[in-house]
Amino acid sequence: MDKLIPLYIILPLGAAFLIPIIGRIVKGFQKAVTSLVFLFLVGMSIKFIISGVNEPIPYKIGGWEPVNGIPIAIYLVLDGLSVFMLCIINLLAFLSGFYAISYIKKYTAENNFYALFSLMVAGMNGVVLTGDLFNLFVFLEIAVIASYALVAFGIEKEELEASFKYQVLGGLASLLILFGIGLLYWNTKTLNIADISVIIKTSAYNKFLIFSELVLIAGFGLKAAIIPFHAWLPDAHSSAPSPISSMLSGVLIKAIGIYAIIRLFFNMFAVSHEIAITITTLGILSMIIGSLLAIGQWDIKRMLAYSSISQIGYILMGVGIGLMILTSGGNKTIAALSIFGGLYHLVNHAVFKGLLFLSAGAVEYRTGIRDLNKLGGLAGKMPVTSSSSLIASLSISGMPPFNGFFSKLVIIIAAIQGHYYWLAAIAIIISIITLAYFLKLQKNTFYGKASDKINNIKEVPFTMCFSMIVLAVLCIALSLLILPGIREVVMEPVVNAIINKADYLLIL
Amino acid sequence: MITYLLCFVLFLVGLFGVLTKRNIIKIVIGLMIMELSLFLFFALIGYVDSGVAPIIVKNMGKVKFVDPLPQAIVLTAIVIGLATNAMLMAIAIRLYKKYNTFDIRKINSLKG
């Protein structure tokens with residue numbers, strides 16, 4: 001089974017290489033090949049999940065075995081957390097790519113779009129799989145450079161401006177990450193995450209380590225658009241073509257921001273309680289300020305982008321509470337519950353935010369308008385779009401029986417059990433504010449009276465409908481993850497991979 | 001130690017440029033300065049006093065090697081830096097064509 005691991009990187013990378021060459025000659029090659037590749041990778045991830053990845057499976061690039069216990073090869077590590085992330089990334093990539101088959105007809109250069117799209121997914125898969133710090137940086141750059149180009153894909157005034165902002169702040173983030181990696185290498189003389197973990201555990205307290213932790217929080221925080229570092233996100237995510245917005249908001253900020261933070265701070269560093277408090281505080285700040293900024297927006301996609309910041313805060317809060325409990329030596333089951341809540345919200349957010357961006361894209365595709373003041377009355381004309389968007393809105397604002405309710409519930413229960421009552425209260429209040437701005441979005445887009453300009457429009461084409469329906473079904477189906485029998489199979493290995501630090505060292 | 005500090009000062013000079021300059025080309029140059037200071041930092045990490053290139057030959061006796069890994073990292077990072085800078089410059093040219101200015105204050109169609 002471990003021989004299959006590099007396929008996650010090779011297949012999208014190969015597709016990105018072949019599409020510009022063969023796509024010119026064979027019509028429809030780009031669409032067929034991306035859909036098939038991502039569908040295959042989703043199938044592979046599901047097979048891994050069902051067979052149960054209870055301990056990390058290493059793959060040594062080039063087959064170099066360790067010498068005297070010192071790892072030489074670059075490692076790819078597949079454990080519970082990474083297979084879980086891979087499943088989400090490739091699922092959303094398949095659905096967004098399938099949605100784009102009709103959507104992308106607005107633009108020229110379909111080949112370039114699909115090539116960049118595959119490249120971005122290859123980078124994200126690489127970030128999630130790699131067990132080597134510098135390799136993580138390389139894959140991260142592959143993913144973000146492709147996303148810079150995709151944000152500017154429309155090459156109009158707004159897209160270019162958004163892409164420039166994104167690139168300057170993204171470049172700054174990459175440099176901070178590289179700086180942090182440099183500091184770590186200086187201290188430990190190794191780049192392998194598991195090896196660094198061993199060395200940190202045995203060496204004494206070190207000021208440089210604290211400094212590199214802070215630099216890495218700033219770097220990955222910029223990539224994940226946590227609140228003091230969020231300035232680029234609303235511009236970039238609202239200007240990109242809709243399938244790309246759904247990829248950026250749905251998985252990119254999680255794969256290269258949240259995932260990296262979880263992996264480094266749980267599996268690598270021996271984190272102090274102060275750092276755990278810092279991470280949780282950043283999460284709470286994003287949660288509050290993101291949702292307050294979202295209420296005032298009148299552009300559909302900008303509102304969704306701000307809401308992404310707020311929901312990222314929920315994920316970070318869940319994970320941060322777990323880290324706080326672990327570092328203060330509290331009850332391990334409560335920490336596990338809190339981390340489970342954070343990760344559960346991560347997958348749910350990927351699904352419903354992806355769906356919301358796709359339905360906003362569908363509205364824009366037919367009407368050409370993104371301003372909430374000028375829209376209205378689309379519910380009768382676009383039944384699939386409006387009902388799927390309604391499901392996603394209810395889900396994100398935490399209405400039972402949709403998935404968002406259960407993940408928020410788990411986070412809040414964990415916060416109460418860990419005696420962080422204030423955090424639980426804030427989470428509930430923000431959930432109500434979320435409901436408020438999504439009701440505003442629903443009312444102004446799909447209900448009320450339609451203006452004359454948008455009176456004679458019809459439902460979007462089949463491929464766009466298909467992706468939205470699948471995601472809407474997933475919004476309901478993912479609530480099943482809370483059920484005992486299913487939770488043990490799917491979520492237990494993920495949480496264990498994070499909590500049991502010693503497991504990760506087995507790859508050496 | 002003083003060389004490391006100077007390297008960090010160079011990093012801060014680049015950061016200052018990114019944060020205060022209003023011409024987009026100068027912002028890009030600021031990013032490049034930060035990048036180069038990091039390459040310098042990596043090269044310094046690998047430096048060993050009176051070390052030689054790590055190539056093993058017969059009968060070489062006892063010699064000190066410099067650390068080759070940071071050098072490989074710098075080479076890779078330079079290639080990545082080339083890609084990001086080319087991308088930034090391409091967007092800067094496009095921006096100039098659309099707005100007829102390099103001034104970041106006048107490029108402000110996105111708000112909120």
# chains A, B, ... in the order shown; residues from 1 in each chain; ligands from 1
call {"tool": "residues_around", "arguments": {"residues": "Val347 (chain A)", "least_positions_apart": "6", "cutoff": "9 Å", "atoms": "only C-alpha atoms", "output": "ChimeraX atom specification"}}
result
/A:84-85,88,250-251,478
call {"tool": "residues_around", "arguments": {"residues": "Asn125 (chain A)", "least_positions_apart": "4", "cutoff": "10 Å", "atoms": "only C-alpha atoms", "output": "PyMOL selection string"}}
result
chain A and resi 6-10+12+82-83+85-87+89-90+119-121+129-130+139-140+143+255-256
call {"tool": "atom_distance", "arguments": {"atom1": "CA of Lys97 (chain B)", "atom2": "CA of Val79 (chain B)"}}
result
27.5 Å
call {"tool": "interface_residues", "arguments": {"of": "chain B", "to": "chain A", "cutoff": "8 Å", "atoms": "only C-alpha atoms", "output": "PDB file with C-alpha atoms, in the first residue's frame"}}
result
ATOM      1  CA  ILE B  27       7.690  46.887  -2.924  1.00  0.00           C
ATOM      2  CA  VAL B  28       8.836  44.000  -5.099  1.00  0.00           C
ATOM      3  CA  LEU B  31      10.611  41.518  -0.995  1.00  0.00           C
ATOM      4  CA  MET B  34      14.274  40.056   2.344  1.00  0.00           C
ATOM      5  CA  GLU B  35      14.642  36.955   0.232  1.00  0.00           C
ATOM      6  CA  LEU B  38      17.459  34.750   4.037  1.00  0.00           C
ATOM      7  CA  PHE B  41      21.390  33.412   6.471  1.00  0.00           C
ATOM      8  CA  PHE B  42      21.220  29.861   5.122  1.00  0.00           C
ATOM      9  CA  ILE B  45      24.374  28.422   8.848  1.00  0.00           C
ATOM     10  CA  ILE B  73      18.451  24.578   0.173  1.00  0.00           C
ATOM     11  CA  ILE B  80      11.503  29.325  -6.190  1.00  0.00           C
ATOM     12  CA  ALA B  83       9.328  32.056  -9.994  1.00  0.00           C
ATOM     13  CA  THR B  84       7.653  34.301  -7.401  1.00  0.00           C
ATOM     14  CA  MET B  87       5.038  36.289 -11.263  1.00  0.00           C
ATOM     15  CA  LEU B  88       5.055  39.539  -9.228  1.00  0.00           C
ATOM     16  CA  ILE B  91       1.316  41.254 -12.445  1.00  0.00           C
ATOM     17  CA  ALA B  92       3.028  44.645 -11.939  1.00  0.00           C
ATOM     18  CA  ARG B  94      -0.369  44.183 -16.179  1.00  0.00           C
ATOM     19  CA  LEU B  95      -1.357  46.574 -13.376  1.00  0.00           C
ATOM     20  CA  LYS B  98      -4.679  48.855 -16.595  1.00  0.00           C
ATOM     21  CA  TYR B  99      -4.141  51.789 -14.215  1.00  0.00           C
ATOM     22  CA  ILE B 107      -4.663  51.300  -7.380  1.00  0.00           C
ATOM     23  CA  ASN B 108      -7.664  50.986  -5.095  1.00  0.00           C
ATOM     24  CA  SER B 109     -10.726  49.630  -6.835  1.00  0.00           C
ATOM     25  CA  LEU B 110     -11.228  47.037  -4.051  1.00  0.00           C
ATOM     26  CA  GLY B 112     -14.389  47.066   2.343  1.00  0.00           C
TER      27      GLY B 112
END
call {"tool": "residues_around", "arguments": {"residues": "region 7-23 of chain B", "least_positions_apart": "2", "cutoff": "6 Å", "atoms": "only C-alpha atoms", "output": "PyMOL selection string"}}
result
chain B and resi 4-5+25-27+30-31+33-34+37+102-104
call {"tool": "write_last_selection", "arguments": {"atoms": "N, CA and C atoms", "output": "CSV table (one decimal), in the first residue's frame"}}
result
chain,number,residue,atom,x,y,z
B,4,TYR,N,25.4,37.4,11.6
B,4,TYR,CA,24.0,37.0,11.7
B,4,TYR,C,23.2,38.2,11.9
B,5,LEU,N,23.7,39.1,12.8
B,5,LEU,CA,22.9,40.3,13.1
B,5,LEU,C,22.7,41.2,11.9
B,25,ILE,N,6.9,48.6,-7.8
B,25,ILE,CA,8.2,48.0,-8.2
B,25,ILE,C,9.1,48.0,-6.9
B,26,LYS,N,9.1,49.1,-6.2
B,26,LYS,CA,9.9,49.2,-5.0
B,26,LYS,C,9.5,48.2,-3.9
B,27,ILE,N,8.2,47.9,-3.8
B,27,ILE,CA,7.7,46.9,-2.9
B,27,ILE,C,8.3,45.5,-3.3
B,30,GLY,N,11.8,45.4,-2.3
B,30,GLY,CA,11.9,45.1,-0.8
B,30,GLY,C,11.7,43.6,-0.5
B,31,LEU,N,10.8,43.0,-1.2
B,31,LEU,CA,10.6,41.5,-1.0
B,31,LEU,C,11.9,40.8,-1.4
B,33,ILE,N,14.9,41.9,-1.4
B,33,ILE,CA,16.0,42.1,-0.4
B,33,ILE,C,15.8,41.1,0.8
B,34,MET,N,14.5,41.0,1.2
B,34,MET,CA,14.3,40.1,2.3
B,34,MET,C,14.7,38.6,2.0
B,37,SER,N,18.4,38.2,2.0
B,37,SER,CA,19.0,38.2,3.3
B,37,SER,C,18.8,36.8,3.9
B,102,PHE,N,2.2,53.3,-11.2
B,102,PHE,CA,2.8,52.4,-10.3
B,102,PHE,C,2.4,52.7,-8.8
B,103,ASP,N,1.7,53.8,-8.6
B,103,ASP,CA,1.4,54.2,-7.2
B,103,ASP,C,0.3,53.4,-6.6
B,104,ILE,N,0.7,52.8,-5.4
B,104,ILE,CA,-0.2,51.8,-4.8
B,104,ILE,C,-1.5,52.6,-4.3
call {"tool": "select_by_dssp", "arguments": {"residues": "chain B", "states": "alpha helix (DSSP H)", "output": "PyMOL selection string"}}
result
chain B and resi 2-20+24-46+68-99
call {"tool": "residues_around", "arguments": {"residues": "Ala360 (chain A)", "least_positions_apart": "2", "cutoff": "8 Å", "atoms": "only C-alpha atoms", "output": "list of chain:residue names"}}
result
A:Ser242, A:Ile300, A:Lys301, A:Leu356, A:Phe357, A:Leu358, A:Ala362, A:Val363, A:Glu364, A:Arg370
